[in-house]
Amino acid sequence: MQTIKVNIVTPDGPVYDSEVSMVIAVTATGEMGILPGHIPTVAPLGIGAVRLKKDNSTELAAVSGGFLEVRPDKVTILAQSAELATDIDLARAQESAKRAEALLQAHKDEVDFKRAELALKRAMNRINVYEGNI
C-alpha cells in the first residue's frame with residue numbers, strides 16, 4: 001500500500017510525523033481527502049478534526065486554523081494549534097467549553113460574542129476528537 005508522509009507543526013513545535021495511507025482535513029471550503037500522489041495544493045484550514053488513516057486504524061488530531069500544504073509525497077499541516085486525540089486533556093477542554101458558553105449567554109458585545117463562539121468551536125472540536133465523535 002502506498003503511503004504519504006504527514007507532518008503537523010504548530011508554533012510550539014511538531015505534533016505529528018508519520019507515514020499514512022490517507023489524510024482527511026477540514027479546509028475553509030469543506031473536507032479534503034488526500035492520497036499519495038495528490039496534486040500540489042495549498043488550502044486554509046478551519047477548526048476541525050484531521051483524520052490520519054494508517055493500515056486498518058485512524059488517528060485523530062484536533063486542529064484550529066492554519067494551512068495545509070500538499071505535495072505528491074508529503075502533506076504539511078501548519079496549524080495555529082493542534083493536538084492528537086491521545087494528548088487532549090478532556091477536563092480542560094470541557095472547562096473551556098463551559099467558559100465559552102457562559103460568555104455567549106452574557107452576550108456583552110459583538111467582539112466578545114465572536115471570541116466566545118470561536119472558543120466554543122475549538123473546545124467542542126477537542127472534545128469530539130478526544131471522544132472519536134467526528
# chains A, B, ... in the order shown; residues from 1 in each chain; ligands from 1
$ residues_around --residues "Val20 in chain A" --least-positions-apart "2" --cutoff "6 Å" --atoms "only C-alpha atoms" --output "list in words"
Thr3, Ile4, Met22, Lys53 and Lys54 of chain A
$ write_last_selection --atoms "N, CA, C and O atoms" --output "mmCIF file, in the first residue's frame"
data_model
loop_
_atom_site.group_PDB
_atom_site.id
_atom_site.type_symbol
_atom_site.label_atom_id
_atom_site.label_comp_id
_atom_site.auth_asym_id
_atom_site.auth_seq_id
_atom_site.Cartn_x
_atom_site.Cartn_y
_atom_site.Cartn_z
ATOM 1 N N THR A 3 2.030 5.064 0.712
ATOM 2 C CA THR A 3 1.841 5.967 1.845
ATOM 3 C C THR A 3 2.340 7.362 1.479
ATOM 4 O O THR A 3 3.042 7.546 0.487
ATOM 5 N N ILE A 4 1.955 8.309 2.309
ATOM 6 C CA ILE A 4 2.375 9.698 2.152
ATOM 7 C C ILE A 4 2.843 10.186 3.519
ATOM 8 O O ILE A 4 2.246 9.854 4.547
ATOM 9 N N MET A 22 -3.843 7.826 3.994
ATOM 10 C CA MET A 22 -4.788 8.872 3.590
ATOM 11 C C MET A 22 -4.905 9.923 4.680
ATOM 12 O O MET A 22 -4.855 9.606 5.869
ATOM 13 N N LYS A 53 -5.347 8.120 8.280
ATOM 14 C CA LYS A 53 -5.613 6.693 8.105
ATOM 15 C C LYS A 53 -4.295 5.969 7.873
ATOM 16 O O LYS A 53 -3.537 6.313 6.969
ATOM 17 N N LYS A 54 -4.079 4.954 8.689
ATOM 18 C CA LYS A 54 -2.830 4.207 8.676
ATOM 19 C C LYS A 54 -3.160 2.735 8.866
ATOM 20 O O LYS A 54 -3.742 2.369 9.885
#
$ select_by_dssp --residues "range 19-119 of chain A" --states "alpha helix (DSSP H)" --output "ChimeraX atom specification"
/A:90-106,110-119
$ residues_around --residues "range 27-42 of chain A" --least-positions-apart "5" --cutoff "12 Å" --atoms "only C-alpha atoms" --output "count of residues only"
36
$ residues_around --residues "Ala61 in chain A" --least-positions-apart "6" --cutoff "12 Å" --atoms "only C-alpha atoms" --output "ChimeraX atom specification"
/A:7-9,15-16,23-26,47-53,77,79,81-88,125-134
$ write_last_selection --atoms "N, CA and C atoms" --output "compact mmCIF listing (two decimals), in the first residue's frame"
# COMPACT_ATOMS: atom_id res chain seq x y z
N ASN A 7 3.31 15.71 8.27
CA ASN A 7 3.85 16.48 9.38
C ASN A 7 2.79 17.46 9.84
N ILE A 8 2.53 17.49 11.14
CA ILE A 8 1.67 18.52 11.73
C ILE A 8 2.55 19.33 12.65
N VAL A 9 2.62 20.64 12.38
CA VAL A 9 3.51 21.53 13.12
C VAL A 9 2.72 22.73 13.63
N VAL A 15 3.87 18.15 16.16
CA VAL A 15 2.83 17.39 16.85
C VAL A 15 2.75 15.97 16.31
N TYR A 16 3.00 15.81 15.01
CA TYR A 16 2.84 14.50 14.37
C TYR A 16 3.81 14.40 13.20
N VAL A 23 -5.09 11.17 4.26
CA VAL A 23 -5.32 12.29 5.18
C VAL A 23 -6.65 12.92 4.81
N ILE A 24 -7.49 13.18 5.81
CA ILE A 24 -8.74 13.89 5.58
C ILE A 24 -8.74 15.09 6.53
N ALA A 25 -8.83 16.30 5.96
CA ALA A 25 -8.76 17.52 6.76
C ALA A 25 -9.94 18.42 6.43
N VAL A 26 -10.30 19.26 7.40
CA VAL A 26 -11.36 20.25 7.22
C VAL A 26 -10.71 21.55 6.76
N ILE A 47 -11.50 25.03 11.82
CA ILE A 47 -11.48 24.32 13.09
C ILE A 47 -12.11 22.96 12.83
N GLY A 48 -11.37 21.89 13.06
CA GLY A 48 -11.91 20.57 12.79
C GLY A 48 -10.91 19.47 13.08
N ALA A 49 -11.33 18.27 12.78
CA ALA A 49 -10.51 17.09 13.00
C ALA A 49 -9.73 16.76 11.73
N VAL A 50 -8.50 16.33 11.92
CA VAL A 50 -7.72 15.76 10.83
C VAL A 50 -7.68 14.26 11.09
N ARG A 51 -8.12 13.51 10.08
CA ARG A 51 -8.10 12.04 10.19
C ARG A 51 -6.90 11.52 9.44
N LEU A 52 -6.12 10.70 10.11
CA LEU A 52 -4.90 10.14 9.56
C LEU A 52 -5.07 8.63 9.48
N LYS A 53 -5.35 8.12 8.28
CA LYS A 53 -5.61 6.69 8.10
C LYS A 53 -4.30 5.97 7.87
N ILE A 77 0.97 20.21 7.61
CA ILE A 77 -0.10 20.99 8.22
C ILE A 77 0.55 21.97 9.17
N ALA A 79 -0.42 24.51 11.68
CA ALA A 79 -1.63 24.86 12.42
C ALA A 79 -1.35 25.85 13.54
N SER A 81 -2.99 25.74 16.31
CA SER A 81 -2.92 24.80 17.42
C SER A 81 -3.36 23.44 16.91
N ALA A 82 -2.77 22.40 17.48
CA ALA A 82 -3.11 21.02 17.09
C ALA A 82 -2.76 20.09 18.25
N GLU A 83 -3.63 19.12 18.46
CA GLU A 83 -3.40 18.10 19.49
C GLU A 83 -3.89 16.77 18.98
N LEU A 84 -3.10 15.73 19.20
CA LEU A 84 -3.57 14.38 18.90
C LEU A 84 -4.62 14.00 19.93
N ALA A 85 -5.56 13.14 19.54
CA ALA A 85 -6.63 12.73 20.45
C ALA A 85 -6.08 12.20 21.76
N THR A 86 -4.97 11.49 21.67
CA THR A 86 -4.37 10.88 22.87
C THR A 86 -3.74 11.92 23.80
N ASP A 87 -3.48 13.13 23.31
CA ASP A 87 -2.85 14.17 24.12
C ASP A 87 -3.83 15.20 24.68
N ILE A 88 -5.10 15.10 24.30
CA ILE A 88 -6.09 16.10 24.73
C ILE A 88 -6.45 15.89 26.19
N ASN A 125 -14.47 20.94 19.32
CA ASN A 125 -13.65 20.15 18.41
C ASN A 125 -12.71 19.23 19.20
N ARG A 126 -12.06 19.78 20.22
CA ARG A 126 -11.15 18.97 21.04
C ARG A 126 -11.90 17.86 21.76
N ILE A 127 -13.09 18.16 22.29
CA ILE A 127 -13.89 17.14 22.97
C ILE A 127 -14.30 16.05 21.99
N ASN A 128 -14.79 16.45 20.81
CA ASN A 128 -15.23 15.48 19.81
C ASN A 128 -14.08 14.61 19.32
N VAL A 129 -12.92 15.19 19.13
CA VAL A 129 -11.76 14.40 18.68
C VAL A 129 -11.35 13.42 19.78
N TYR A 130 -11.33 13.88 21.03
CA TYR A 130 -10.99 13.00 22.15
C TYR A 130 -11.93 11.80 22.21
N GLU A 131 -13.22 12.09 22.03
CA GLU A 131 -14.24 11.02 22.13
C GLU A 131 -14.40 10.24 20.83
N GLY A 132 -13.75 10.70 19.76
CA GLY A 132 -13.87 10.00 18.46
C GLY A 132 -15.17 10.29 17.74
N ASN A 133 -15.88 11.36 18.13
CA ASN A 133 -17.17 11.73 17.52
C ASN A 133 -16.93 12.75 16.40
N ILE A 134 -16.53 12.26 15.26
CA ILE A 134 -16.27 13.20 14.15
C ILE A 134 -17.11 12.83 12.97
$ atom_distance --atom1 "CA of Leu120 in chain A" --atom2 "CA of Ser57 in chain A"
28.5 Å
$ select_by_dssp --residues "chain A" --states "strand (DSSP E or B)" --output "JSON, numbers by chain"
{"A": [4, 5, 6, 7, 8, 9, 10, 13, 14, 15, 16, 17, 18, 19, 20, 22, 23, 24, 25, 26, 27, 30, 31, 32, 33, 34, 41, 42, 43, 44, 45, 46, 47, 48, 49, 50, 51, 52, 53, 54, 57, 58, 59, 60, 61, 62, 63, 64, 65, 66, 67, 68, 69, 70, 71, 74, 75, 76, 77, 78, 79, 80, 81, 82, 83, 84]}
$ residues_around --residues "range 93-102 of chain A" --least-positions-apart "4" --cutoff "7 Å" --atoms "only C-alpha atoms" --output "list in words"
Asp89, Ala106, Ala116, Glu117, Ala119, Leu120, Ala123, Met124, Arg126 and Ile127 of chain A
$ atom_distance --atom1 "CA of Pro14 in chain A" --atom2 "CA of Gln80 in chain A"
11.7 Å
$ atom_distance --atom1 "CA of Ser18 in chain A" --atom2 "CA of Leu60 in chain A"
12.9 Å
$ decode --residues "range 77-106 of chain A" --atoms "N, CA, C and O atoms" --output "PDB file, in the first residue's frame"
ATOM      1  N   ILE A  77       0.969  20.212   7.608  1.00  0.00           N
ATOM      2  CA  ILE A  77      -0.102  20.990   8.218  1.00  0.00           C
ATOM      3  C   ILE A  77       0.551  21.969   9.174  1.00  0.00           C
ATOM      4  O   ILE A  77       1.189  21.559  10.152  1.00  0.00           O
ATOM      5  N   LEU A  78       0.444  23.256   8.844  1.00  0.00           N
ATOM      6  CA  LEU A  78       0.950  24.330   9.696  1.00  0.00           C
ATOM      7  C   LEU A  78      -0.254  24.901  10.428  1.00  0.00           C
ATOM      8  O   LEU A  78      -1.047  25.641   9.839  1.00  0.00           O
ATOM      9  N   ALA A  79      -0.417  24.514  11.682  1.00  0.00           N
ATOM     10  CA  ALA A  79      -1.627  24.857  12.420  1.00  0.00           C
ATOM     11  C   ALA A  79      -1.351  25.850  13.542  1.00  0.00           C
ATOM     12  O   ALA A  79      -0.277  25.832  14.139  1.00  0.00           O
ATOM     13  N   GLN A  80      -2.336  26.693  13.812  1.00  0.00           N
ATOM     14  CA  GLN A  80      -2.223  27.603  14.950  1.00  0.00           C
ATOM     15  C   GLN A  80      -2.174  26.804  16.245  1.00  0.00           C
ATOM     16  O   GLN A  80      -1.442  27.137  17.162  1.00  0.00           O
ATOM     17  N   SER A  81      -2.985  25.745  16.309  1.00  0.00           N
ATOM     18  CA  SER A  81      -2.919  24.804  17.422  1.00  0.00           C
ATOM     19  C   SER A  81      -3.355  23.436  16.915  1.00  0.00           C
ATOM     20  O   SER A  81      -4.181  23.336  16.004  1.00  0.00           O
ATOM     21  N   ALA A  82      -2.774  22.399  17.482  1.00  0.00           N
ATOM     22  CA  ALA A  82      -3.112  21.024  17.095  1.00  0.00           C
ATOM     23  C   ALA A  82      -2.765  20.093  18.246  1.00  0.00           C
ATOM     24  O   ALA A  82      -1.742  20.273  18.915  1.00  0.00           O
ATOM     25  N   GLU A  83      -3.634  19.119  18.465  1.00  0.00           N
ATOM     26  CA  GLU A  83      -3.403  18.103  19.492  1.00  0.00           C
ATOM     27  C   GLU A  83      -3.888  16.767  18.975  1.00  0.00           C
ATOM     28  O   GLU A  83      -4.974  16.684  18.395  1.00  0.00           O
ATOM     29  N   LEU A  84      -3.101  15.725  19.196  1.00  0.00           N
ATOM     30  CA  LEU A  84      -3.570  14.379  18.900  1.00  0.00           C
ATOM     31  C   LEU A  84      -4.624  14.003  19.926  1.00  0.00           C
ATOM     32  O   LEU A  84      -4.593  14.480  21.064  1.00  0.00           O
ATOM     33  N   ALA A  85      -5.556  13.144  19.538  1.00  0.00           N
ATOM     34  CA  ALA A  85      -6.635  12.732  20.448  1.00  0.00           C
ATOM     35  C   ALA A  85      -6.078  12.198  21.761  1.00  0.00           C
ATOM     36  O   ALA A  85      -6.630  12.452  22.827  1.00  0.00           O
ATOM     37  N   THR A  86      -4.966  11.486  21.675  1.00  0.00           N
ATOM     38  CA  THR A  86      -4.368  10.884  22.870  1.00  0.00           C
ATOM     39  C   THR A  86      -3.745  11.918  23.803  1.00  0.00           C
ATOM     40  O   THR A  86      -3.496  11.618  24.972  1.00  0.00           O
ATOM     41  N   ASP A  87      -3.484  13.130  23.307  1.00  0.00           N
ATOM     42  CA  ASP A  87      -2.848  14.172  24.117  1.00  0.00           C
ATOM     43  C   ASP A  87      -3.830  15.198  24.680  1.00  0.00           C
ATOM     44  O   ASP A  87      -3.435  16.080  25.438  1.00  0.00           O
ATOM     45  N   ILE A  88      -5.097  15.100  24.299  1.00  0.00           N
ATOM     46  CA  ILE A  88      -6.087  16.099  24.729  1.00  0.00           C
ATOM     47  C   ILE A  88      -6.448  15.885  26.194  1.00  0.00           C
ATOM     48  O   ILE A  88      -6.739  14.771  26.629  1.00  0.00           O
ATOM     49  N   ASP A  89      -6.438  16.984  26.950  1.00  0.00           N
ATOM     50  CA  ASP A  89      -6.878  16.978  28.348  1.00  0.00           C
ATOM     51  C   ASP A  89      -8.383  17.252  28.332  1.00  0.00           C
ATOM     52  O   ASP A  89      -8.813  18.399  28.145  1.00  0.00           O
ATOM     53  N   LEU A  90      -9.187  16.201  28.498  1.00  0.00           N
ATOM     54  CA  LEU A  90     -10.633  16.317  28.374  1.00  0.00           C
ATOM     55  C   LEU A  90     -11.218  17.298  29.386  1.00  0.00           C
ATOM     56  O   LEU A  90     -12.073  18.119  29.045  1.00  0.00           O
ATOM     57  N   ALA A  91     -10.759  17.253  30.624  1.00  0.00           N
ATOM     58  CA  ALA A  91     -11.298  18.145  31.666  1.00  0.00           C
ATOM     59  C   ALA A  91     -11.037  19.609  31.291  1.00  0.00           C
ATOM     60  O   ALA A  91     -11.916  20.467  31.459  1.00  0.00           O
ATOM     61  N   ARG A  92      -9.851  19.889  30.766  1.00  0.00           N
ATOM     62  CA  ARG A  92      -9.519  21.259  30.349  1.00  0.00           C
ATOM     63  C   ARG A  92     -10.396  21.704  29.178  1.00  0.00           C
ATOM     64  O   ARG A  92     -10.881  22.834  29.145  1.00  0.00           O
ATOM     65  N   ALA A  93     -10.630  20.816  28.230  1.00  0.00           N
ATOM     66  CA  ALA A  93     -11.482  21.139  27.082  1.00  0.00           C
ATOM     67  C   ALA A  93     -12.920  21.394  27.525  1.00  0.00           C
ATOM     68  O   ALA A  93     -13.575  22.323  27.042  1.00  0.00           O
ATOM     69  N   GLN A  94     -13.412  20.586  28.452  1.00  0.00           N
ATOM     70  CA  GLN A  94     -14.781  20.772  28.953  1.00  0.00           C
ATOM     71  C   GLN A  94     -14.905  22.089  29.715  1.00  0.00           C
ATOM     72  O   GLN A  94     -15.916  22.788  29.598  1.00  0.00           O
ATOM     73  N   GLU A  95     -13.880  22.438  30.491  1.00  0.00           N
ATOM     74  CA  GLU A  95     -13.890  23.703  31.220  1.00  0.00           C
ATOM     75  C   GLU A  95     -13.872  24.881  30.241  1.00  0.00           C
ATOM     76  O   GLU A  95     -14.576  25.874  30.434  1.00  0.00           O
ATOM     77  N   SER A  96     -13.100  24.769  29.180  1.00  0.00           N
ATOM     78  CA  SER A  96     -13.065  25.818  28.144  1.00  0.00           C
ATOM     79  C   SER A  96     -14.444  25.987  27.503  1.00  0.00           C
ATOM     80  O   SER A  96     -14.886  27.108  27.243  1.00  0.00           O
ATOM     81  N   ALA A  97     -15.114  24.875  27.243  1.00  0.00           N
ATOM     82  CA  ALA A  97     -16.450  24.932  26.645  1.00  0.00           C
ATOM     83  C   ALA A  97     -17.431  25.619  27.590  1.00  0.00           C
ATOM     84  O   ALA A  97     -18.243  26.446  27.157  1.00  0.00           O
ATOM     85  N   LYS A  98     -17.350  25.316  28.875  1.00  0.00           N
ATOM     86  CA  LYS A  98     -18.250  25.944  29.855  1.00  0.00           C
ATOM     87  C   LYS A  98     -18.023  27.450  29.929  1.00  0.00           C
ATOM     88  O   LYS A  98     -18.978  28.227  29.976  1.00  0.00           O
ATOM     89  N   ARG A  99     -16.745  27.858  29.946  1.00  0.00           N
ATOM     90  CA  ARG A  99     -16.439  29.293  29.976  1.00  0.00           C
ATOM     91  C   ARG A  99     -16.976  29.997  28.732  1.00  0.00           C
ATOM     92  O   ARG A  99     -17.561  31.069  28.817  1.00  0.00           O
ATOM     93  N   ALA A 100     -16.774  29.378  27.582  1.00  0.00           N
ATOM     94  CA  ALA A 100     -17.248  29.976  26.328  1.00  0.00           C
ATOM     95  C   ALA A 100     -18.770  30.080  26.304  1.00  0.00           C
ATOM     96  O   ALA A 100     -19.328  31.089  25.866  1.00  0.00           O
ATOM     97  N   GLU A 101     -19.463  29.041  26.789  1.00  0.00           N
ATOM     98  CA  GLU A 101     -20.929  29.076  26.835  1.00  0.00           C
ATOM     99  C   GLU A 101     -21.418  30.186  27.758  1.00  0.00           C
ATOM    100  O   GLU A 101     -22.392  30.882  27.450  1.00  0.00           O
ATOM    101  N   ALA A 102     -20.733  30.383  28.886  1.00  0.00           N
ATOM    102  CA  ALA A 102     -21.112  31.453  29.812  1.00  0.00           C
ATOM    103  C   ALA A 102     -20.936  32.823  29.156  1.00  0.00           C
ATOM    104  O   ALA A 102     -21.787  33.703  29.300  1.00  0.00           O
ATOM    105  N   LEU A 103     -19.853  32.999  28.413  1.00  0.00           N
ATOM    106  CA  LEU A 103     -19.631  34.264  27.708  1.00  0.00           C
ATOM    107  C   LEU A 103     -20.680  34.484  26.626  1.00  0.00           C
ATOM    108  O   LEU A 103     -21.137  35.612  26.417  1.00  0.00           O
ATOM    109  N   LEU A 104     -21.062  33.423  25.940  1.00  0.00           N
ATOM    110  CA  LEU A 104     -22.094  33.554  24.903  1.00  0.00           C
ATOM    111  C   LEU A 104     -23.428  33.962  25.510  1.00  0.00           C
ATOM    112  O   LEU A 104     -24.176  34.744  24.910  1.00  0.00           O
ATOM    113  N   GLN A 105     -23.743  33.428  26.677  1.00  0.00           N
ATOM    114  CA  GLN A 105     -25.013  33.773  27.318  1.00  0.00           C
ATOM    115  C   GLN A 105     -24.994  35.209  27.842  1.00  0.00           C
ATOM    116  O   GLN A 105     -26.023  35.875  27.869  1.00  0.00           O
ATOM    117  N   ALA A 106     -23.810  35.697  28.244  1.00  0.00           N
ATOM    118  CA  ALA A 106     -23.700  37.079  28.720  1.00  0.00           C
ATOM    119  C   ALA A 106     -23.924  38.043  27.560  1.00  0.00           C
ATOM    120  O   ALA A 106     -24.524  39.099  27.734  1.00  0.00           O
TER     121      ALA A 106
END
